[in-house]
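For reference, the structure is listed below as C-alpha cells.
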Amino acid sequence: MRKARAAACLGLSVVLASCGGSPAGQAQNQADTVTKAVYNNNAAAAAQNFDDSLKKQVTRAQVGLLSDKLHKLGDYKGLTYVSNDGLKNEYTYRANFANGSAPVILRLDTDGKIAAYRISLPQ
C-alpha cells in the first residue's frame, strides 16, 4: 500500500510538472522556448525571458556554437521533466534529440525570469 501511494504521488508530481499553469510547467515552457531558440541559433529569442544580469552574458557567438553542437544530436524532440529543487527554484529536464539527450537546468528568479540556464552536452 505504501509503495502504491508513493508511486501515485510521484506520478502526480510528474503530471503537475507538465501543467502549464504550475510553476514547474511554466519553467518547462521557458526551458523549452530557450532550448528551441538556441537550437535555431536565435540569440535574441533565447535571451528573451532571461533576467537582466543573464541577458548581459549571452553572445551570438556562444549561441551559435551551442546550436552547432545541438544539431549534432539530431532533431530536437522536446523536454522531459526530471526533478526540481524548490529551495533554489531550480528545475532539471532532459532535452531529447533524435540521436541522444542532454540535461537542461533552469533557475528562475522571484519574478519568474530565467536567472540561469545550462545545457550539458556529451563530450
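By order in the C-alpha cells, chains are A, B, ...; within a chain, residues start at 1; ligands start at 1, following the order shown.
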
Would you please give, as a ChimeraX atom specification, all residues of segment 4-108 of chain A that DSSP assigns to helix (DSSP H, G or I) based on the backbone?
-> /A:4-18,23-39,43-47,52-55,60-71

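The environment of Arg107 of chain A within 9 Å, counting only C-alpha atoms and disregarding residues fewer than 5 places along the same chain, consists of Ala27, Lys88, Asn89, Glu90, Tyr91, Thr92, Lys113, Ile114, Ala115, Ala116 and Tyr117 of chain A.
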
Pick out each residue of chain A that DSSP on the backbone tags as strand (DSSP E or B); I need them as a ChimeraX atom specification.
-> /A:50,76-85,90-97,100-108,114-119

Contacts of segment 64-69 of chain A within 6 Å, only C-alpha atoms, excl. fewer than 6 positions in-chain, as a compact mmCIF listing (two decimals) with all heavy atoms, in the first residue's frame:
# COMPACT_ATOMS: atom_id res chain seq x y z
N VAL A 38 17.94 28.34 -28.94
CA VAL A 38 19.37 28.03 -29.08
C VAL A 38 19.57 27.07 -30.25
O VAL A 38 20.45 27.27 -31.08
CB VAL A 38 19.95 27.46 -27.77
CG1 VAL A 38 21.35 26.92 -27.99
CG2 VAL A 38 19.94 28.51 -26.68
N TYR A 39 18.74 26.04 -30.32
CA TYR A 39 18.83 25.07 -31.41
C TYR A 39 18.72 25.78 -32.76
O TYR A 39 19.42 25.46 -33.71
CB TYR A 39 17.72 24.02 -31.26
CG TYR A 39 17.79 22.90 -32.26
CD1 TYR A 39 18.61 21.80 -32.04
CD2 TYR A 39 17.03 22.93 -33.43
CE1 TYR A 39 18.68 20.76 -32.96
CE2 TYR A 39 17.10 21.91 -34.36
CZ TYR A 39 17.92 20.83 -34.12
OH TYR A 39 18.00 19.80 -35.03
N ASN A 41 19.59 28.80 -33.36
CA ASN A 41 20.63 29.83 -33.43
C ASN A 41 20.02 31.24 -33.39
O ASN A 41 20.40 32.12 -34.15
CB ASN A 41 21.50 29.64 -34.67
CG ASN A 41 22.78 30.46 -34.60
OD1 ASN A 41 23.17 30.94 -33.54
ND2 ASN A 41 23.43 30.61 -35.73

Quick one: distance from atom CA of Leu73 of chain A to atom CA of Asn99 of chain A in Å, one decimal?
->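 Taking atom CA of Leu73 of chain A as the start and atom CA of Asn99 of chain A as the end point, the length is 4.9 Å.
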
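Between atom CA of Asp75 of chain A and atom CA of Ser22 of chain A the interatomic distance comes to 27.6 Å.
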
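All residues of protein, DNA or RNA that reach within 12 Å of Lys56 of chain A, judged by only C-alpha atoms and not counting those fewer than 6 positions away in the chain, are Ala43, Ala44, Ala47, Gln48, Phe50 and Ala115 of chain A.
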
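When only C-alpha atoms are used to measure the gap to Asn29 of chain A, the shortest distance among A:Leu87, A:Asp51, A:Ala102, A:Leu79 belongs to A:Leu79.
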
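Between atom CA of Ala31 of chain A and atom CA of Ala98 of chain A there is a distance of 18.4 Å.
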
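For the residues A:Thr80, A:Gly100, A:Thr33, A:Asn42, ranking by smallest atom-to-atom distance to Gln62 of chain A using only C-alpha atoms places A:Asn42 first.
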
From the list A:Asp111, A:Tyr76, A:Tyr93, A:Ser53, which residue is nearest Gly25 of chain A when using only C-alpha atoms?
->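 Residue with the minimum atom-to-atom distance to Gly25 of chain A: A:Tyr93.
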
Pick the closest to Gly78 of chain A from A:Val34, A:Ala45, A:Val58, A:Leu108: which is it, counting only C-alpha atoms?
->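 Looking only at the distances to Gly78 of chain A, the closest residue turns out to be A:Val34.
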